[in-house]
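Peer 1: Okay, here's the structure, questions in a sec.
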Amino acid sequence: MTVPIEDYALLSNCRTAALVSREGSIDWLCLPRLDSPSVFGALLGTEEHGCWGLRPTDAQASAKRHYDGDTFILITHWTTATGIAEVHEVIPIAQRRHTQMNRVDVIRRIVGIRGHVEFEHTLRLRFDYARALPWVRQTGTAQEPELLAIAGPLGVAVRGARLHAADHMHKGTVTVDAGEHIDLTLTSYESHLGRPGPVDVDEAFGHTRGWWQSWASRIAHKGAHHDLVVRSLLLLRALTNRETGGIAAAATTSLPEDFGGERNWDYRYVWLRDAALTLEALLDHGFVALARHWREWLLRAVAGDPADLQIMYGLGGERDLAEREMPSLPGYAASSPVHVGNGAALQYQADVVGEVLVTLSAAREAGLPDSAFSWPLAKKLVEYAAQNLERPDNGLWEIRGEPQMFTHSRVMLWAGFDRAVRAVETHGLRGPVDEWRQLRDRLKAEIDQNGVHDGYFTQYYGTDEVDASLLLLPQVGFCAPDDERMLATVAKIEHDLMEHGMLRRYRTTSGVDGLRGTEHPFLACSFWLVEQYAATGRTAEARELMDRLCALANDVGMLSEEYDVDGARQVGNTPQAFSHLALVRAADALARRHHRPR
């Protein structure tokens with residue numbers, strides 16, 4: 001039976017991530033990095049595609065779960081007929097960032113609370129997206145059981161409880177009494193180096209708890225939905241690679257936008273746009289150091305000829321993200337194909353350069369001075385934008401139909417030139433400001449003439465369709481939120497794109513995206529509408545929509561990409577950075593409205 005997307009919780013060490021179901025099964029884990037091949041892939045198939053199960057043998061056992069404060073230590077509280085126990089789970093943060101970079105530990109501590117509880121412990125290791133069944137052997141003792149699994153470059157050591165082989169899996173039971181605990185651990189390593197020693201579990205919990213709590217204590221936010229804002233910022237941090245600074249769009253690949261359909265994409269990479277928007281959200285809450293780290297990543301990733309700029313890269317800045325199908329995984333709820341890599345990396349999306357320049361400007365405004373390389377990079381990006389000014393693009397939504405002059409993309413080009421002008425005029429940086437000013441003003445006139453129909457902004461030049469990305473125009477300063485054209489655009493969006501009070505990105509029936517099937521309301525777009533409502537005095541509607549959207553988060557505060565209203569379930573890759581950064585922005589907009597002088 002397919003596990004609902006909203007039933008998963010995230011474990012993260014800011015390098016990789018695991019998804020744990022309510023029933024205690026780790027169904028997704030890629031090692032050693034978020035964009036590495038999976039070791040547990042049941043999320044995109046069945047338990048035969050890899051999982052690590054741990055739950056009471058009592059079939060009627062009930063579970064409640066939560067994170068240990070502002071951390072990614074997951075605590076699942078199990079109540080059974082014979083007693084109560086908890087499972088504390090964590091992927092520890094390495095104490096030394098650059099040591100043992102390919103070692104990852106996963107810890108599952110069973111804690112007895114009352115009576116006694118017997119747990120069933122099952123392990124199905126399937127390396128390389130379930131294409132490799134590892135060689136497994138028992139190497140421990142009765143007192144210190146250990147299982148080793150090796151296939152190709154990856155080795156895994158599982159310690160803490162005796163497991164017995166049974167039909168390409170290993171299983172066993174463990175019983176915990178009140179006041180006792182049992183530690184189960186999985187350690188990955190490079191197989192040619194030999195297995196590392198056991199992790200110090202107490203030290204790992206203590207250090208990781210302190211690391212997350214220290215990071216979260218710096219979050220500056222006051223207002224409604226505070227807990228969800230904090231959790232959203234934590235999730236954005238979890239998607240940010242601690243070593244490289246690259247920010248993934250989500251922790252998963254191929255969770256479908258259309259159940260049973262083909263709209264299944266790999267989101268484990270760094271979209272320049274998504275990363276830039278994430279950085280803006282983090283900057284708004286005081287995290288300037290992360291902006292510096294990401295800027296360094298950006299400099300490395302885009303080094304070379306600006307003409308070779310990609311819209312996305314790997315977490316380390318890798319360029320080769322060739323999209324391919326992975327038939328070894330049948331797909332979530334039989335939604336195939338499963339994709340690894342993303343062909344959109346080679347698209348031209350004109351808005352991306354603008355988003356990056358807007359974020360670099362925001363970092364500058366937040367007090368992060370330009371380095372010897374950051375301003376030259378920015379100038380190269382402006383030059384790239386100027387050279388491609390007349391080129392249609394695939395737009396924010398990465399359409400796979402014919403490129404168009406998307407209005408949002410044109411506005412983001414305008415914003416890029418605007419921030420370049422501001423860098424010279426306000427911050428004293430050097431550049432051809434007269435040329436940039438002329439290009440900015442030319443774009444403004446062009447958009448006003450070609451991107452407006454019947455008084456509202458359009459999805460692209462020459463159409464009467466609208467697109468939820470148009471809600472971003474006031475956010476970058478192209479027009480005021482209460483500009484008559486913007487108000488008319490909002491009315492048109494509400495009429496054409498709203499479903500059960502939430503927004504779709506665009507009308508898929510228009511054929512603009514070149515794909516079969518349909519999709520569900522897109523959560524980020526609906527949060528953008530909250531921001532627009534708040535900015536134009538529709539405060540009651542903004543609050544009501546915000547409350548409804550926040551109620552869609554699961555029990556541990558996670559949101560995916562879309563929401564199926566009829567099925568009352570989350571849809572698409574999870575946790576989705578776009579959804580969580582839009583939640584943060586919407587909450588901030590409501591807080592500003594609340595504190596505005598009357």
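For the structure tokens, the naming scheme is as follows: chains receive sequential letters (A, B, ...) according to their order of presentation, residues are indexed from 1 within each chain, and ligands are indexed from 1 in presentation order.
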I'd like the neighbourhood of stretch 65-73 of chain A as an MDAnalysis selection string, where a residue qualifies if any of its atoms comes within 7 Å (using only C-alpha atoms), though same-chain residues fewer than 6 positions away should be ignored.
Peer 2: chainID A and resid 11:12 88:90 209 212:213 216 556
Peer 1: Write to file, as a CSV table (one decimal), in the first residue's frame, the residues of the selection just made, with C-alpha atoms.
Peer 2:
chain,number,residue,atom,x,y,z
A,11,LEU,CA,15.9,13.4,9.1
A,12,SER,CA,18.8,15.6,7.9
A,88,HIS,CA,14.6,8.6,18.8
A,89,GLU,CA,16.0,9.0,15.3
A,90,VAL,CA,18.8,11.2,13.9
A,209,ARG,CA,20.8,18.7,19.2
A,212,TRP,CA,20.3,22.7,15.5
A,213,GLN,CA,19.2,24.5,18.5
A,216,ALA,CA,17.4,28.0,15.3
A,556,VAL,CA,5.9,17.7,11.7
Peer 1: Write out as a ChimeraX atom specification all residues of stretch 301-338 of chain A that backbone DSSP assigns to helix (DSSP H, G or I).
Peer 2: /A:301,306-308,332-334
Peer 1: Include N, CA and C atoms and write out the residues we just selected as a PDB file, in the first residue's frame.
Peer 2:
ATOM      1  N   ALA A 301      30.228  27.421  -9.216  1.00  0.00           N
ATOM      2  CA  ALA A 301      29.342  26.706 -10.129  1.00  0.00           C
ATOM      3  C   ALA A 301      29.303  27.342 -11.513  1.00  0.00           C
ATOM      4  N   PRO A 306      30.060  32.938 -19.472  1.00  0.00           N
ATOM      5  CA  PRO A 306      28.651  33.137 -19.119  1.00  0.00           C
ATOM      6  C   PRO A 306      27.690  32.498 -20.112  1.00  0.00           C
ATOM      7  N   ALA A 307      28.130  32.320 -21.351  1.00  0.00           N
ATOM      8  CA  ALA A 307      27.272  31.691 -22.349  1.00  0.00           C
ATOM      9  C   ALA A 307      26.942  30.244 -21.984  1.00  0.00           C
ATOM     10  N   ASP A 308      27.736  29.646 -21.103  1.00  0.00           N
ATOM     11  CA  ASP A 308      27.507  28.267 -20.678  1.00  0.00           C
ATOM     12  C   ASP A 308      26.678  28.177 -19.394  1.00  0.00           C
ATOM     13  N   TYR A 332       6.258   6.187  -7.452  1.00  0.00           N
ATOM     14  CA  TYR A 332       5.309   6.366  -6.353  1.00  0.00           C
ATOM     15  C   TYR A 332       3.891   6.181  -6.891  1.00  0.00           C
ATOM     16  N   ALA A 333       3.130   5.286  -6.284  1.00  0.00           N
ATOM     17  CA  ALA A 333       1.752   5.004  -6.708  1.00  0.00           C
ATOM     18  C   ALA A 333       1.702   4.712  -8.207  1.00  0.00           C
ATOM     19  N   ALA A 334       2.705   3.960  -8.690  1.00  0.00           N
ATOM     20  CA  ALA A 334       2.803   3.557 -10.092  1.00  0.00           C
ATOM     21  C   ALA A 334       2.891   4.742 -11.041  1.00  0.00           C
TER      22      ALA A 334
END
Peer 1: For A:Glu446, find every residue with an atom within 12 Å (counting only C-alpha atoms), except residues of its own chain fewer than 4 positions away, and show them as a compact mmCIF listing (two decimals) with N, CA, C and O atoms, in the first residue's frame.
Peer 2:
# COMPACT_ATOMS: atom_id res chain seq x y z
N LEU A 389 18.75 39.26 -24.58
CA LEU A 389 17.56 40.06 -24.28
C LEU A 389 16.39 39.73 -25.20
O LEU A 389 15.23 39.78 -24.76
N GLU A 390 16.65 39.40 -26.44
CA GLU A 390 15.57 39.16 -27.40
C GLU A 390 15.21 37.68 -27.52
O GLU A 390 14.44 37.30 -28.40
N MET A 405 7.96 34.65 -24.84
CA MET A 405 8.36 35.85 -24.11
C MET A 405 7.47 35.93 -22.86
O MET A 405 6.45 36.63 -22.85
N THR A 407 6.03 37.02 -19.47
CA THR A 407 6.03 38.34 -18.83
C THR A 407 6.83 38.33 -17.54
O THR A 407 7.61 39.26 -17.26
N ARG A 410 10.47 38.52 -18.36
CA ARG A 410 10.87 39.86 -18.81
C ARG A 410 10.99 40.80 -17.61
O ARG A 410 11.91 41.63 -17.54
N VAL A 411 10.08 40.65 -16.67
CA VAL A 411 10.14 41.49 -15.46
C VAL A 411 11.39 41.17 -14.65
O VAL A 411 12.05 42.08 -14.11
N LEU A 413 14.23 40.11 -15.83
CA LEU A 413 15.35 40.74 -16.53
C LEU A 413 15.40 42.23 -16.17
O LEU A 413 16.48 42.78 -15.91
N TRP A 414 14.23 42.86 -16.17
CA TRP A 414 14.16 44.26 -15.74
C TRP A 414 14.74 44.41 -14.34
O TRP A 414 15.52 45.34 -14.08
N LEU A 439 18.74 49.80 -20.82
CA LEU A 439 18.13 48.49 -21.00
C LEU A 439 16.97 48.29 -20.02
O LEU A 439 15.92 47.73 -20.39
N ARG A 440 17.15 48.72 -18.79
CA ARG A 440 16.07 48.62 -17.80
C ARG A 440 14.84 49.37 -18.27
O ARG A 440 13.71 48.85 -18.25
N ASP A 441 15.03 50.62 -18.70
CA ASP A 441 13.89 51.45 -19.12
C ASP A 441 13.25 50.92 -20.39
O ASP A 441 12.02 50.99 -20.56
N ARG A 442 14.08 50.36 -21.27
CA ARG A 442 13.54 49.77 -22.50
C ARG A 442 12.65 48.58 -22.18
O ARG A 442 11.57 48.40 -22.76
N ASN A 450 3.55 45.13 -24.29
CA ASN A 450 3.30 43.79 -24.81
C ASN A 450 2.84 42.78 -23.78
O ASN A 450 2.33 41.71 -24.14
N GLY A 451 3.05 43.09 -22.51
CA GLY A 451 2.71 42.13 -21.46
C GLY A 451 1.39 42.42 -20.76
O GLY A 451 1.11 41.83 -19.72
N VAL A 452 0.59 43.28 -21.36
CA VAL A 452 -0.69 43.67 -20.76
C VAL A 452 -1.79 43.47 -21.80
O VAL A 452 -1.64 43.84 -22.97
N TYR A 461 3.71 37.28 -23.97
CA TYR A 461 3.29 38.25 -24.98
C TYR A 461 2.38 37.58 -26.01
O TYR A 461 2.67 36.50 -26.52
Peer 1: List as number ranges by chain the protein and nucleic acid residues near A:Glu383, meaning an atom at most 12 Å away when only C-alpha atoms are counted, but skip any in the same chain fewer than 6 places from it.
Peer 2: A: 305-307, 309, 353-354, 357, 376-377, 389, 413, 416-417, 420, 431-433, 435-436, 439
Peer 1: Taking 4 positions as the minimum chain separation for residues in the same chain, which residues sit within 8 Å of stretch 169-183 of chain A when counting only C-alpha atoms? Answer as JSON, numbers by chain.
Peer 2: {"A": [85, 107, 108, 109, 110, 111, 112, 113, 114, 115, 116, 117, 118, 119, 120, 121, 122, 123, 124, 125, 160, 161, 162, 163, 164, 165, 201]}
Peer 1: Write to file, as a compact mmCIF listing (two decimals), in the first residue's frame, the residues of the selection just made, with N, CA, C and O atoms.
Peer 2:
# COMPACT_ATOMS: atom_id res chain seq x y z
N ALA A 85 6.93 2.88 24.55
CA ALA A 85 8.33 3.08 24.19
C ALA A 85 8.42 4.20 23.16
O ALA A 85 7.44 4.54 22.50
N ILE A 107 21.00 6.90 13.28
CA ILE A 107 20.83 6.31 14.62
C ILE A 107 19.35 6.19 14.93
O ILE A 107 18.58 7.14 14.75
N ARG A 108 18.97 5.02 15.45
CA ARG A 108 17.58 4.78 15.89
C ARG A 108 17.67 4.20 17.31
O ARG A 108 17.99 3.02 17.49
N ARG A 109 17.39 5.02 18.28
CA ARG A 109 17.47 4.62 19.69
C ARG A 109 16.06 4.28 20.19
O ARG A 109 15.16 5.12 20.16
N ILE A 110 15.89 3.05 20.68
CA ILE A 110 14.61 2.63 21.26
C ILE A 110 14.69 2.84 22.77
O ILE A 110 15.60 2.33 23.43
N VAL A 111 13.75 3.59 23.32
CA VAL A 111 13.76 3.95 24.74
C VAL A 111 12.51 3.39 25.41
O VAL A 111 11.38 3.70 25.01
N GLY A 112 12.71 2.56 26.45
CA GLY A 112 11.58 2.02 27.18
C GLY A 112 11.03 3.04 28.17
O GLY A 112 11.79 3.63 28.95
N ILE A 113 9.72 3.24 28.14
CA ILE A 113 9.07 4.21 29.03
C ILE A 113 8.26 3.52 30.12
O ILE A 113 8.37 3.86 31.31
N ARG A 114 7.46 2.53 29.72
CA ARG A 114 6.63 1.81 30.71
C ARG A 114 6.41 0.39 30.22
O ARG A 114 6.24 0.15 29.04
N GLY A 115 6.41 -0.55 31.16
CA GLY A 115 6.21 -1.94 30.78
C GLY A 115 7.32 -2.43 29.88
O GLY A 115 8.49 -2.10 30.07
N HIS A 116 6.96 -3.23 28.89
CA HIS A 116 7.94 -3.68 27.92
C HIS A 116 7.29 -3.67 26.53
O HIS A 116 6.08 -3.86 26.40
N VAL A 117 8.11 -3.44 25.52
CA VAL A 117 7.62 -3.38 24.14
C VAL A 117 8.58 -4.16 23.24
O VAL A 117 9.79 -3.93 23.27
N GLU A 118 8.02 -5.07 22.47
CA GLU A 118 8.79 -5.82 21.50
C GLU A 118 8.69 -5.12 20.14
O GLU A 118 7.59 -4.78 19.69
N PHE A 119 9.83 -4.91 19.48
CA PHE A 119 9.87 -4.27 18.17
C PHE A 119 10.30 -5.26 17.10
O PHE A 119 11.18 -6.09 17.32
N GLU A 120 9.67 -5.14 15.96
CA GLU A 120 10.11 -5.88 14.77
C GLU A 120 11.10 -5.00 14.01
O GLU A 120 10.84 -3.81 13.78
N HIS A 121 12.20 -5.58 13.60
CA HIS A 121 13.30 -4.86 12.98
C HIS A 121 13.60 -5.53 11.64
O HIS A 121 14.00 -6.69 11.59
N THR A 122 13.32 -4.84 10.53
CA THR A 122 13.53 -5.42 9.21
C THR A 122 14.43 -4.51 8.37
O THR A 122 14.33 -3.28 8.44
N LEU A 123 15.29 -5.13 7.58
CA LEU A 123 16.26 -4.37 6.80
C LEU A 123 16.31 -4.94 5.38
O LEU A 123 16.62 -6.11 5.18
N ARG A 124 16.01 -4.09 4.41
CA ARG A 124 16.14 -4.44 3.00
C ARG A 124 17.05 -3.41 2.35
O ARG A 124 16.63 -2.28 2.10
N LEU A 125 18.28 -3.79 2.11
CA LEU A 125 19.27 -2.90 1.50
C LEU A 125 19.26 -3.11 -0.02
O LEU A 125 19.45 -4.23 -0.50
N GLY A 160 23.90 -3.15 16.44
CA GLY A 160 23.03 -2.94 17.58
C GLY A 160 22.06 -4.04 17.91
O GLY A 160 21.60 -4.15 19.04
N ALA A 161 21.67 -4.85 16.93
CA ALA A 161 20.74 -5.95 17.18
C ALA A 161 21.00 -7.06 16.16
O ALA A 161 21.35 -6.79 15.01
N ARG A 162 20.82 -8.29 16.60
CA ARG A 162 21.08 -9.44 15.73
C ARG A 162 19.97 -9.54 14.68
O ARG A 162 18.78 -9.49 15.01
N LEU A 163 20.36 -9.64 13.42
CA LEU A 163 19.41 -9.81 12.32
C LEU A 163 19.71 -11.11 11.60
O LEU A 163 20.87 -11.53 11.48
N HIS A 164 18.67 -11.75 11.08
CA HIS A 164 18.81 -13.04 10.41
C HIS A 164 18.35 -12.91 8.97
O HIS A 164 17.34 -12.27 8.68
N ALA A 165 19.08 -13.54 8.07
CA ALA A 165 18.74 -13.47 6.65
C ALA A 165 17.47 -14.24 6.36
O ALA A 165 17.24 -15.32 6.91
N VAL A 201 26.93 7.24 20.26
CA VAL A 201 25.54 7.64 20.12
C VAL A 201 25.19 8.83 21.02
O VAL A 201 24.56 9.80 20.59
Peer 1: Could you give me, as CSV, a per-residue list for stretch 239-281 of chain A showing, wherever an atom lies at most 8 Å from an atom of stretch 18-38 of chain A, the closest pair of atoms and their distance in Å to one decimal, using only C-alpha atoms and sorting by chain then residue number from low to high?
Peer 2:
residue,atom,partner,partner_atom,distance
A:Ala251,CA,A:Leu34,CA,6.6
A:Arg268,CA,A:Asp35,CA,5.5
A:Tyr269,CA,A:Asp35,CA,7.0
Peer 1: When DSSP is applied to the backbone of this structure, which of stretch 56-111 of chain A are assigned strand (DSSP E)? Write them out as a ChimeraX atom specification.
Peer 2: /A:56,62-67,74-79,83-90,104-111
Peer 1: Show me, as a list in words, the residues that have an atom within 9 Å of A:Arg507 when counting only C-alpha atoms, minus same-chain residues fewer than 4 positions from it.
Peer 2: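 Once the adjacent positions are removed, what remains is Glu465, Val466, Asp467, Asp496, Leu497, Gly511, Val512 and Thr518 of chain A.
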Peer 1: Save out the residues we just selected, all heavy atoms, as an mmCIF file, in the first residue's frame.
Peer 2:
data_model
loop_
_atom_site.group_PDB
_atom_site.id
_atom_site.type_symbol
_atom_site.label_atom_id
_atom_site.label_comp_id
_atom_site.auth_asym_id
_atom_site.auth_seq_id
_atom_site.Cartn_x
_atom_site.Cartn_y
_atom_site.Cartn_z
ATOM 1 N N GLU A 465 -3.941 34.518 -21.585
ATOM 2 C CA GLU A 465 -3.825 33.666 -20.400
ATOM 3 C C GLU A 465 -3.066 34.389 -19.287
ATOM 4 O O GLU A 465 -2.228 35.267 -19.557
ATOM 5 C CB GLU A 465 -3.074 32.375 -20.744
ATOM 6 C CG GLU A 465 -3.783 31.460 -21.717
ATOM 7 C CD GLU A 465 -4.897 30.656 -21.069
ATOM 8 O OE1 GLU A 465 -4.901 30.523 -19.820
ATOM 9 O OE2 GLU A 465 -5.760 30.144 -21.807
ATOM 10 N N VAL A 466 -3.342 33.976 -18.047
ATOM 11 C CA VAL A 466 -2.584 34.493 -16.909
ATOM 12 C C VAL A 466 -1.799 33.360 -16.267
ATOM 13 O O VAL A 466 -1.988 32.193 -16.591
ATOM 14 C CB VAL A 466 -3.499 35.166 -15.863
ATOM 15 C CG1 VAL A 466 -4.024 36.486 -16.370
ATOM 16 C CG2 VAL A 466 -4.636 34.242 -15.448
ATOM 17 N N ASP A 467 -0.956 33.738 -15.330
ATOM 18 C CA ASP A 467 -0.009 32.808 -14.722
ATOM 19 C C ASP A 467 0.222 33.304 -13.298
ATOM 20 O O ASP A 467 0.374 34.507 -13.067
ATOM 21 C CB ASP A 467 1.279 32.854 -15.548
ATOM 22 C CG ASP A 467 2.350 31.898 -15.078
ATOM 23 O OD1 ASP A 467 2.559 31.773 -13.862
ATOM 24 O OD2 ASP A 467 3.015 31.305 -15.943
ATOM 25 N N ASP A 496 -9.526 32.443 -13.122
ATOM 26 C CA ASP A 496 -9.058 31.375 -14.011
ATOM 27 C C ASP A 496 -8.286 30.261 -13.315
ATOM 28 O O ASP A 496 -8.299 29.113 -13.789
ATOM 29 C CB ASP A 496 -8.151 31.964 -15.102
ATOM 30 C CG ASP A 496 -8.912 32.797 -16.118
ATOM 31 O OD1 ASP A 496 -10.135 32.980 -15.949
ATOM 32 O OD2 ASP A 496 -8.277 33.273 -17.083
ATOM 33 N N LEU A 497 -7.596 30.591 -12.225
ATOM 34 C CA LEU A 497 -6.648 29.633 -11.649
ATOM 35 C C LEU A 497 -7.024 29.139 -10.262
ATOM 36 O O LEU A 497 -6.356 28.240 -9.741
ATOM 37 C CB LEU A 497 -5.245 30.255 -11.593
ATOM 38 C CG LEU A 497 -4.666 30.768 -12.911
ATOM 39 C CD1 LEU A 497 -3.251 31.293 -12.695
ATOM 40 C CD2 LEU A 497 -4.678 29.688 -13.979
ATOM 41 N N GLY A 511 -2.128 24.116 -23.170
ATOM 42 C CA GLY A 511 -1.108 23.440 -23.956
ATOM 43 C C GLY A 511 0.257 24.097 -23.917
ATOM 44 O O GLY A 511 1.184 23.645 -24.601
ATOM 45 N N VAL A 512 0.430 25.131 -23.097
ATOM 46 C CA VAL A 512 1.689 25.884 -23.115
ATOM 47 C C VAL A 512 2.870 25.050 -22.645
ATOM 48 O O VAL A 512 4.006 25.265 -23.077
ATOM 49 C CB VAL A 512 1.555 27.170 -22.265
ATOM 50 C CG1 VAL A 512 1.415 26.821 -20.778
ATOM 51 C CG2 VAL A 512 2.731 28.103 -22.476
ATOM 52 N N THR A 518 -2.579 16.712 -16.010
ATOM 53 C CA THR A 518 -2.877 17.960 -15.313
ATOM 54 C C THR A 518 -2.093 17.996 -14.009
ATOM 55 O O THR A 518 -1.227 17.159 -13.771
ATOM 56 C CB THR A 518 -4.388 18.082 -15.064
ATOM 57 O OG1 THR A 518 -4.677 19.365 -14.503
ATOM 58 C CG2 THR A 518 -4.879 16.990 -14.109
#
Peer 1: Considering only C-alpha atoms, state which residue in the set A:Thr536, A:Ser469, A:Thr458, A:Asn13 is at the smallest distance from A:Gln95.
Peer 2: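 With only C-alpha atoms as the atom set, the closest residue is A:Asn13.
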Peer 1: Measuring atom to atom with only C-alpha atoms, identify which of A:Arg263, A:Arg516, A:His580, A:Arg592 is nearest to A:Val229.
Peer 2: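 For A:Val229, the nearest of the given residues is A:His580.
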Peer 1: Here is a test: counting only C-alpha atoms, which residue of A:Arg237, A:Arg593, A:Arg103, A:Arg505 is nearest to A:Val530?
Peer 2: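 Ranking A:Arg237, A:Arg593, A:Arg103, A:Arg505 by distance to A:Val530, first place goes to A:Arg593.
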Peer 1: Would you mind listing what lies within 8 Å of stretch 391-404 of chain A as a list in words, with only C-alpha atoms counted and same-chain residues fewer than 5 positions away left out?
Peer 2: Ala344, Gln347, Tyr348, Gln349, Ala350, Asp351, Ser409, Tyr460, Tyr461, Ser469, Gly511, Val512, Asp513, Gly514 and Leu515 of chain A
Peer 1: Given the choices A:Val490, A:Leu381, A:Leu429, A:Ala249, which gets closest to A:Leu470 if the distance is worked out from only C-alpha atoms?
Peer 2: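 When distances to A:Leu470 are compared using only C-alpha atoms, the smallest one comes from A:Val490.
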Peer 1: Any idea what the distance is between atom CA of A:Ser214 and atom CA of A:Pro575?
Peer 2: 22.2 Å
Peer 1: Measuring between only C-alpha atoms, which one of A:Tyr384, A:Trp297, A:Tyr129, A:Trp528 shows the shortest distance to A:Thr240?
Peer 2: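 Smallest distance to A:Thr240 is found for A:Trp297.
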Peer 1: Which one is closest to A:Glu365: A:Gln387, A:Asp284, A:His77, A:Ser335? Count only C-alpha atoms.
Peer 2: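 Among A:Gln387, A:Asp284, A:His77, A:Ser335, it is A:Asp284 that comes nearest to A:Glu365.
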Peer 1: Just the number, please: distance in Å from atom CA of A:Ile93 to atom CA of A:Ala248, one decimal.
Peer 2: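 Rounded to one decimal, the two atoms are 17.7 Å apart.
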